[in-house]
Amino acid sequence: MPEQPQILATLKEYFGYDTFRPLQQEIIDSVFAGNDNLVIMPTGGGKSICYQLPGILLPGITLVISPLIALMKDQVDGLLANGIAAAFVNSSQNQEEQQDIYKKLLDKEIKLLYVAPESLSFLDTIFSQIEISLVAIDEAHCISAWGHDFRPAYTQLGYLKNKFPKTPIIALTATADKATRQDICNQLNIPKAIQHLASFDRKNLSLEVRPGNKRIEQIFTFLSDKPNDSGIIYCLSRKTTEKLAEKLKDKGFSAEAYHAGIDHQKRSQVQEDFINDTLQIVCATIAFGMGIDKSNVRWVIHYNLPKNIEGYYQEIGRAGRDGLPSSTLLFHSYADVVQLQKFADMSGNKEVQLAKLDRIKQYAESLSCRRKILLSYFGELIEKDCGNCDVCKDPPTFIDGTVIAQKTLSCVTRTQEQEPIGTVIDILRGAQNTAIQDKGYQNLKTYGIGKDIAWRDWQQYIIQLINQGYLEIAFHQNNKLKLTSLSKKVLFEGEKVSLAHLKELEKVKQPVVIQ
Ligand code: ADP
Ligand code: ZN
């Protein structure tokens with residue numbers, strides 16, 4: 001096992017750093033001690049050094065399994081530039097290139113070998129002739145169906161431990177809740193792996209969620225005090241990225257779209273310009289940002305609701321890597337929720353996806369410190385409210401909402417649970433449109449009993465009732481409002497309901513868009 005001074009000298013010589021970041025030292029010591037390790041560290045935390053540095057000092061080869069084929073070349077080029085003997089193997093190479101790597105491996109000219117999981121069989125013929133000192137599995141959450149980015153090719157990695165029982169494995173990921181962590185260890189056959197959990201708290205990132213109406217105008221307002229700051233806007237669809245980039249350009253911003261449908265050359269150009277600060281804004285689908293090392297991204301906007309907290313956290317994590325204050329803004333709309341539910345319905349593991357969607361929805365609709373919710377999702381509890389999220393900065397006050405709740409719930413009862421929010425509000429406010437009249441709703445007892453409250457305020461209140469579980473939206477039945485088991489407590493058992501007081505509407509944190 002290398003001594004401390006040699007480890008520090010290596011850190012300086014190959015990476016140019018004088019000190020380790022939190023956890024790096026203890027992880028590296030644990031690798032040298034021969035343990036299996038699971039590292040959970042947020043994006044930008046410095047995971048790579050945890051296997052690259054041991055890779056340099058260990059006698060044999062360090063295998064690095066990574067799904068990010070598109071980034072392998074850049075990663076390896078970076079290592080080579082630092083004087084580290086690295087190479088990669090993936091499906092993009094021809095036979096000649098692969099032969100060359102075989103030779104170098106046999107001649108012990110390679111210390112770090114990056115391999116896509118699909119390409120591992122490449123090594124079968126020479127495994128017995130080379131010495132593998134360490135196996136690093138990057139983006140390890142891909143092995144778990146509990147994770148958010150399951151890759152079937154990862155499931156076969158469990159055999160590595162059987163094949164090399166004495167070689168330590170280090171699995172690394174930026175995102176894994178408790179269940180996923182356990183699953184990773186089980187699947188990789190490293191039940192005794194030492195888990196290293198870095199703090200996920202990125203205090204320099206402010207968190208904000210806003211209703212997703214008039215998003216473009218909200219973005220212009222958001223940008224008004226950031227005329228030159230680099231930022232990323234994540235969108236759900238390719239079309240949105242393009243439309244948005246156009247609108248930003250029309251306003252005089254430097255902006256480009258980025259998604260998997262854009263040709264390779266143009267994409268590289270966008271990435272390069274963004275890194276070099278000649279392009280200010282990238283409107284991207286999730287394909288953008290993996291592996292980008294840009295420390296001065298000052299803000300991240302989610303134009304659409306992400307499909308889970310893992311993805312959201314990873315994406316906002318691309319802001320403020322230099323530690324300076326940076327802003328994040330998430331737009332929340334029910335239209336997005338409906339869309340994401342459809343995606344989840346079509347996916348292989350529907351239940352998991354729907355549960356994860358539910359969690360991010362709860363986050364977006366929270367009336368308490370958002371960072372607390374976010375960190376508790378990753379198993380980290382903070383005692384104090386953070387002071388750097390929109391809820392902390394402007395906490396709601398509560399009113400007695402019992403009468404509002406009673407009126408709403410009895411109206412839903414009288415429509416036989418057959419109507420969406422909009423119609424229920426119309427009935428409560430005594431609207432006189434044909435839709436109401438055709439169905440004879442003007443004869444209901446609840447017709448017009450809520451005239452005193454504005455339409456949008458009703459919407460806010462009803463969404464709060466949904467969040468508190470007094471009502472639910474049947475997404476698969478045209479968004480009809482349905483009663484829940486809690487409803488009858490309010491209707492028949494005198495349960496009191498608290499609702500957040502609505503201040504000026506623009507300050508309201510609840511989502512209001514129902515399209
Ligand atoms: P991750 O893989 O966890 O997202 P990286 O390994 O890419 O993070 O590291 C993120 C950035 O932090 C890189 O620019 C890296 O060079 C830098 N870094 C890593 N370790 C240190 C350190 N000990 N001191 C200073 N910078 C570091
Ligand atoms: Zn907070």
# chains A, B, ... in the order shown; residues from 1 in each chain; ligands from 1
call {"tool": "residues_near_ligand", "arguments": {"ligand": "ligand 1", "cutoff": "6 Å", "atoms": "only C-alpha atoms and all ligand atoms", "output": "ChimeraX atom specification"}}
result
/A:17,19-21,42-49
call {"tool": "select_by_dssp", "arguments": {"residues": "range 62-136 of chain A", "states": "strand (DSSP E or B)", "output": "short mmCIF file (atom, residue, chain, number, x, y, z; two decimals) with C-alpha atoms, in the first residue's frame"}}
result
data_model
loop_
_atom_site.label_atom_id
_atom_site.label_comp_id
_atom_site.auth_asym_id
_atom_site.auth_seq_id
_atom_site.Cartn_x
_atom_site.Cartn_y
_atom_site.Cartn_z
CA THR A 62 -7.61 -0.51 -13.75
CA LEU A 63 -10.74 -1.30 -15.73
CA VAL A 64 -13.21 1.55 -15.86
CA ILE A 65 -16.70 0.52 -16.92
CA ALA A 86 -5.11 5.42 -20.69
CA ALA A 87 -7.12 3.90 -23.52
CA PHE A 88 -10.71 3.02 -24.28
CA VAL A 89 -12.60 0.20 -25.93
CA LEU A 112 -6.43 2.78 -17.14
CA LEU A 113 -8.73 1.09 -19.62
CA TYR A 114 -12.20 2.54 -20.21
CA VAL A 115 -14.66 -0.04 -21.46
CA ILE A 132 -6.42 -6.36 -13.29
CA SER A 133 -5.78 -4.46 -10.07
CA LEU A 134 -9.03 -2.57 -9.76
CA VAL A 135 -12.44 -2.48 -11.39
CA ALA A 136 -14.21 0.88 -11.34
#
call {"tool": "residues_around", "arguments": {"residues": "range 481-487 of chain A", "least_positions_apart": "6", "cutoff": "9 Å", "atoms": "only C-alpha atoms", "output": "list in words"}}
result
Ala405, Gln406, Leu409, Val412, Thr413, Gln416, Glu417, Gln418, Glu419, Pro420, Ile421, Val424, Gly469, Tyr470, Leu471, Glu472, Ile473 and Ala474 of chain A
call {"tool": "closest_residue", "arguments": {"among": "A:Lys350, A:Lys393, A:Lys111, A:Lys361", "to": "ligand 2", "atoms": "only C-alpha atoms and all ligand atoms"}}
result
A:Lys393
call {"tool": "closest_atom_pairs", "arguments": {"of": "chain A", "to": "ligand 2", "cutoff": "6 Å", "atoms": "only C-alpha atoms and all ligand atoms", "output": "Markdown table"}}
result
| residue | atom | partner | partner_atom_place_in_ligand_line | distance |
| --- | --- | --- | --- | --- |
| A:Cys369 | CA | ligand 2 | 1 (Zn) | 3.6 |
| A:Arg370 | CA | ligand 2 | 1 (Zn) | 5.1 |
| A:Arg371 | CA | ligand 2 | 1 (Zn) | 5.2 |
| A:Asp385 | CA | ligand 2 | 1 (Zn) | 4.9 |
| A:Cys386 | CA | ligand 2 | 1 (Zn) | 3.9 |
| A:Gly387 | CA | ligand 2 | 1 (Zn) | 4.8 |
| A:Asn388 | CA | ligand 2 | 1 (Zn) | 5.2 |
| A:Cys389 | CA | ligand 2 | 1 (Zn) | 4.2 |
| A:Val391 | CA | ligand 2 | 1 (Zn) | 5.9 |
| A:Cys392 | CA | ligand 2 | 1 (Zn) | 4.4 |
call {"tool": "closest_atom_pairs", "arguments": {"of": "range 321-435 of chain A", "to": "range 208-216 of chain A", "cutoff": "10 Å", "atoms": "only C-alpha atoms", "output": "tab-separated table"}}
result
residue	atom	partner	partner_atom	distance
A:Ser327	CA	A:Glu208	CA	8.0
A:Thr328	CA	A:Glu208	CA	6.1
A:Leu329	CA	A:Glu208	CA	4.8
A:Leu330	CA	A:Val209	CA	4.6
A:Phe331	CA	A:Gly212	CA	4.7
A:His332	CA	A:Gly212	CA	5.0
A:Ser333	CA	A:Gly212	CA	5.1
A:Tyr334	CA	A:Gly212	CA	8.7
A:Ala335	CA	A:Gly212	CA	9.3
A:Asp336	CA	A:Gly212	CA	9.3
A:Tyr363	CA	A:Val209	CA	9.1
A:Ala364	CA	A:Val209	CA	6.2
A:Glu365	CA	A:Val209	CA	8.3
A:Ser366	CA	A:Val209	CA	9.3
A:Arg370	CA	A:Glu208	CA	8.3
A:Asn388	CA	A:Glu208	CA	8.8
A:Cys389	CA	A:Glu208	CA	5.8
A:Asp390	CA	A:Glu208	CA	5.0
A:Val391	CA	A:Glu208	CA	7.9
A:Lys393	CA	A:Glu208	CA	9.9
call {"tool": "closest_residue", "arguments": {"among": "A:Ile301, A:Ile309, A:Ala153, A:Ile61", "to": "Asp177 in chain A", "atoms": "only C-alpha atoms"}}
result
A:Ile309
call {"tool": "residues_around", "arguments": {"residues": "Tyr312 in chain A", "least_positions_apart": "2", "cutoff": "10 Å", "atoms": "only C-alpha atoms", "output": "PDB file with C-alpha atoms, in the first residue's frame"}}
result
ATOM      1  CA  TYR A 234     -33.728  21.853 -19.810  1.00  0.00           C
ATOM      2  CA  ILE A 286     -31.345  15.808 -20.940  1.00  0.00           C
ATOM      3  CA  HIS A 302     -36.227  23.425 -15.941  1.00  0.00           C
ATOM      4  CA  LEU A 305     -40.955  19.095 -14.795  1.00  0.00           C
ATOM      5  CA  PRO A 306     -38.185  16.443 -14.806  1.00  0.00           C
ATOM      6  CA  LYS A 307     -39.336  12.867 -14.454  1.00  0.00           C
ATOM      7  CA  ASN A 308     -37.665  12.251 -11.140  1.00  0.00           C
ATOM      8  CA  ILE A 309     -35.667  13.869  -8.357  1.00  0.00           C
ATOM      9  CA  GLU A 310     -32.439  12.120  -9.320  1.00  0.00           C
ATOM     10  CA  GLN A 314     -28.121  16.037 -11.300  1.00  0.00           C
ATOM     11  CA  GLU A 315     -29.174  18.744 -13.730  1.00  0.00           C
ATOM     12  CA  ILE A 316     -29.333  21.612 -11.254  1.00  0.00           C
ATOM     13  CA  GLY A 317     -25.982  20.299  -9.994  1.00  0.00           C
ATOM     14  CA  LEU A 330     -38.218  24.830 -11.971  1.00  0.00           C
ATOM     15  CA  ILE A 360     -40.858  15.201  -7.667  1.00  0.00           C
ATOM     16  CA  LEU A 374     -34.467  17.128  -1.684  1.00  0.00           C
TER      17      LEU A 374
END
call {"tool": "atom_distance", "arguments": {"atom1": "CA of Arg318 in chain A", "atom2": "CA of Val300 in chain A"}}
result
7.6 Å
call {"tool": "select_by_dssp", "arguments": {"residues": "range 65-205 of chain A", "states": "helix (DSSP H, G or I)", "output": "number ranges by chain"}}
result
A: 69-81, 95-106, 117-129, 140-143, 152-163, 178-187
call {"tool": "residues_around", "arguments": {"residues": "Asn35 in chain A", "least_positions_apart": "2", "cutoff": "8 Å", "atoms": "only C-alpha atoms", "output": "PyMOL selection string"}}
result
chain A and resi 30-33+37+168-169+193-194
call {"tool": "residues_around", "arguments": {"residues": "Glu256 in chain A", "least_positions_apart": "2", "cutoff": "7 Å", "atoms": "only C-alpha atoms", "output": "MDAnalysis selection string"}}
result
chainID A and resid 245 258 270 281:283
call {"tool": "atom_distance", "arguments": {"atom1": "CA of Trp458 in chain A", "atom2": "CA of Val337 in chain A"}}
result
20.2 Å
call {"tool": "atom_distance", "arguments": {"atom1": "CA of Cys235 in chain A", "atom2": "CA of Gln477 in chain A"}}
result
26.3 Å
call {"tool": "decode", "arguments": {"residues": "range 169-278 of chain A", "atoms": "C-alpha atoms", "output": "mmCIF file, in the first residue's frame"}}
result
data_model
loop_
_atom_site.group_PDB
_atom_site.id
_atom_site.type_symbol
_atom_site.label_atom_id
_atom_site.label_comp_id
_atom_site.auth_asym_id
_atom_site.auth_seq_id
_atom_site.Cartn_x
_atom_site.Cartn_y
_atom_site.Cartn_z
ATOM 1 C CA ILE A 169 -14.427 -3.088 -7.091
ATOM 2 C CA ILE A 170 -15.256 0.569 -6.725
ATOM 3 C CA ALA A 171 -18.750 1.548 -7.850
ATOM 4 C CA LEU A 172 -19.502 5.243 -8.235
ATOM 5 C CA THR A 173 -22.618 7.276 -8.827
ATOM 6 C CA ALA A 174 -23.987 10.740 -8.264
ATOM 7 C CA THR A 175 -27.478 9.618 -7.565
ATOM 8 C CA ALA A 176 -28.825 6.773 -5.545
ATOM 9 C CA ASP A 177 -31.389 6.618 -2.816
ATOM 10 C CA LYS A 178 -31.091 3.977 -0.116
ATOM 11 C CA ALA A 179 -32.940 1.237 -1.965
ATOM 12 C CA THR A 180 -30.854 1.820 -5.074
ATOM 13 C CA ARG A 181 -27.602 1.720 -3.100
ATOM 14 C CA GLN A 182 -28.461 -1.650 -1.644
ATOM 15 C CA ASP A 183 -29.524 -2.914 -5.016
ATOM 16 C CA ILE A 184 -26.243 -1.807 -6.623
ATOM 17 C CA CYS A 185 -24.227 -3.743 -4.023
ATOM 18 C CA ASN A 186 -26.382 -6.837 -4.411
ATOM 19 C CA GLN A 187 -26.239 -6.830 -8.162
ATOM 20 C CA LEU A 188 -22.496 -6.347 -8.250
ATOM 21 C CA ASN A 189 -21.947 -9.099 -5.695
ATOM 22 C CA ILE A 190 -20.211 -6.727 -3.324
ATOM 23 C CA PRO A 191 -22.473 -6.993 -0.268
ATOM 24 C CA LYS A 192 -19.697 -5.862 2.078
ATOM 25 C CA ALA A 193 -18.757 -2.796 0.075
ATOM 26 C CA ILE A 194 -17.939 0.210 2.210
ATOM 27 C CA GLN A 195 -20.353 2.989 1.419
ATOM 28 C CA HIS A 196 -18.987 6.516 1.193
ATOM 29 C CA LEU A 197 -21.744 9.104 1.152
ATOM 30 C CA ALA A 198 -20.694 12.623 0.356
ATOM 31 C CA SER A 199 -23.006 15.419 1.351
ATOM 32 C CA PHE A 200 -25.415 16.344 -1.379
ATOM 33 C CA ASP A 201 -26.030 19.744 0.070
ATOM 34 C CA ARG A 202 -25.052 22.370 -2.472
ATOM 35 C CA LYS A 203 -25.669 25.443 -0.387
ATOM 36 C CA ASN A 204 -24.688 27.834 -3.156
ATOM 37 C CA LEU A 205 -27.601 26.755 -5.337
ATOM 38 C CA SER A 206 -30.795 28.637 -4.680
ATOM 39 C CA LEU A 207 -33.930 26.606 -5.311
ATOM 40 C CA GLU A 208 -37.106 27.992 -6.741
ATOM 41 C CA VAL A 209 -40.288 26.526 -8.181
ATOM 42 C CA ARG A 210 -42.874 28.550 -10.048
ATOM 43 C CA PRO A 211 -46.131 27.826 -11.777
ATOM 44 C CA GLY A 212 -45.534 27.148 -15.436
ATOM 45 C CA ASN A 213 -47.785 29.736 -17.000
ATOM 46 C CA LYS A 214 -46.283 32.299 -19.376
ATOM 47 C CA ARG A 215 -42.937 30.604 -19.040
ATOM 48 C CA ILE A 216 -41.198 32.609 -21.737
ATOM 49 C CA GLU A 217 -42.031 35.898 -20.081
ATOM 50 C CA GLN A 218 -40.948 34.527 -16.725
ATOM 51 C CA ILE A 219 -37.642 33.485 -18.286
ATOM 52 C CA PHE A 220 -37.060 36.965 -19.708
ATOM 53 C CA THR A 221 -37.721 38.450 -16.282
ATOM 54 C CA PHE A 222 -35.443 35.877 -14.683
ATOM 55 C CA LEU A 223 -32.671 36.781 -17.141
ATOM 56 C CA SER A 224 -33.068 40.522 -16.778
ATOM 57 C CA ASP A 225 -30.432 40.707 -14.055
ATOM 58 C CA LYS A 226 -28.211 38.045 -15.669
ATOM 59 C CA PRO A 227 -27.499 39.495 -19.116
ATOM 60 C CA ASN A 228 -24.255 37.602 -19.596
ATOM 61 C CA ASP A 229 -24.364 34.691 -17.164
ATOM 62 C CA SER A 230 -24.061 31.184 -18.580
ATOM 63 C CA GLY A 231 -27.055 28.960 -18.110
ATOM 64 C CA ILE A 232 -28.875 25.861 -19.275
ATOM 65 C CA ILE A 233 -32.602 25.482 -19.901
ATOM 66 C CA TYR A 234 -33.728 21.853 -19.810
ATOM 67 C CA CYS A 235 -36.808 20.955 -21.830
ATOM 68 C CA LEU A 236 -38.746 17.754 -22.306
ATOM 69 C CA SER A 237 -38.967 17.846 -26.103
ATOM 70 C CA ARG A 238 -36.593 18.640 -28.920
ATOM 71 C CA LYS A 239 -39.118 20.991 -30.428
ATOM 72 C CA THR A 240 -39.310 23.069 -27.274
ATOM 73 C CA THR A 241 -35.522 23.473 -27.166
ATOM 74 C CA GLU A 242 -35.583 24.852 -30.703
ATOM 75 C CA LYS A 243 -38.550 27.152 -30.229
ATOM 76 C CA LEU A 244 -37.107 28.484 -27.022
ATOM 77 C CA ALA A 245 -33.663 29.111 -28.500
ATOM 78 C CA GLU A 246 -35.325 31.061 -31.321
ATOM 79 C CA LYS A 247 -37.301 33.208 -28.911
ATOM 80 C CA LEU A 248 -34.201 33.944 -26.853
ATOM 81 C CA LYS A 249 -32.259 34.867 -29.983
ATOM 82 C CA ASP A 250 -35.056 37.174 -31.068
ATOM 83 C CA LYS A 251 -34.636 38.945 -27.753
ATOM 84 C CA GLY A 252 -30.929 39.356 -28.401
ATOM 85 C CA PHE A 253 -29.570 36.576 -26.217
ATOM 86 C CA SER A 254 -26.913 34.205 -27.446
ATOM 87 C CA ALA A 255 -28.691 30.857 -27.325
ATOM 88 C CA GLU A 256 -28.643 27.495 -29.110
ATOM 89 C CA ALA A 257 -30.669 24.319 -29.004
ATOM 90 C CA TYR A 258 -29.015 20.998 -28.173
ATOM 91 C CA HIS A 259 -30.600 17.563 -28.527
ATOM 92 C CA ALA A 260 -29.836 14.126 -29.873
ATOM 93 C CA GLY A 261 -31.452 14.917 -33.241
ATOM 94 C CA ILE A 262 -28.945 17.634 -34.088
ATOM 95 C CA ASP A 263 -25.963 16.469 -36.094
ATOM 96 C CA HIS A 264 -22.804 15.597 -34.309
ATOM 97 C CA GLN A 265 -20.682 18.433 -35.590
ATOM 98 C CA LYS A 266 -23.162 21.107 -34.658
ATOM 99 C CA ARG A 267 -23.600 19.585 -31.220
ATOM 100 C CA SER A 268 -19.868 19.571 -30.546
ATOM 101 C CA GLN A 269 -19.754 23.187 -31.673
ATOM 102 C CA VAL A 270 -22.520 24.170 -29.246
ATOM 103 C CA GLN A 271 -20.797 22.355 -26.415
ATOM 104 C CA GLU A 272 -17.459 23.938 -27.190
ATOM 105 C CA ASP A 273 -18.875 27.458 -27.515
ATOM 106 C CA PHE A 274 -20.697 27.049 -24.228
ATOM 107 C CA ILE A 275 -17.575 25.854 -22.448
ATOM 108 C CA ASN A 276 -15.564 28.722 -23.929
ATOM 109 C CA ASP A 277 -18.129 31.302 -22.848
ATOM 110 C CA THR A 278 -18.873 32.408 -26.408
#
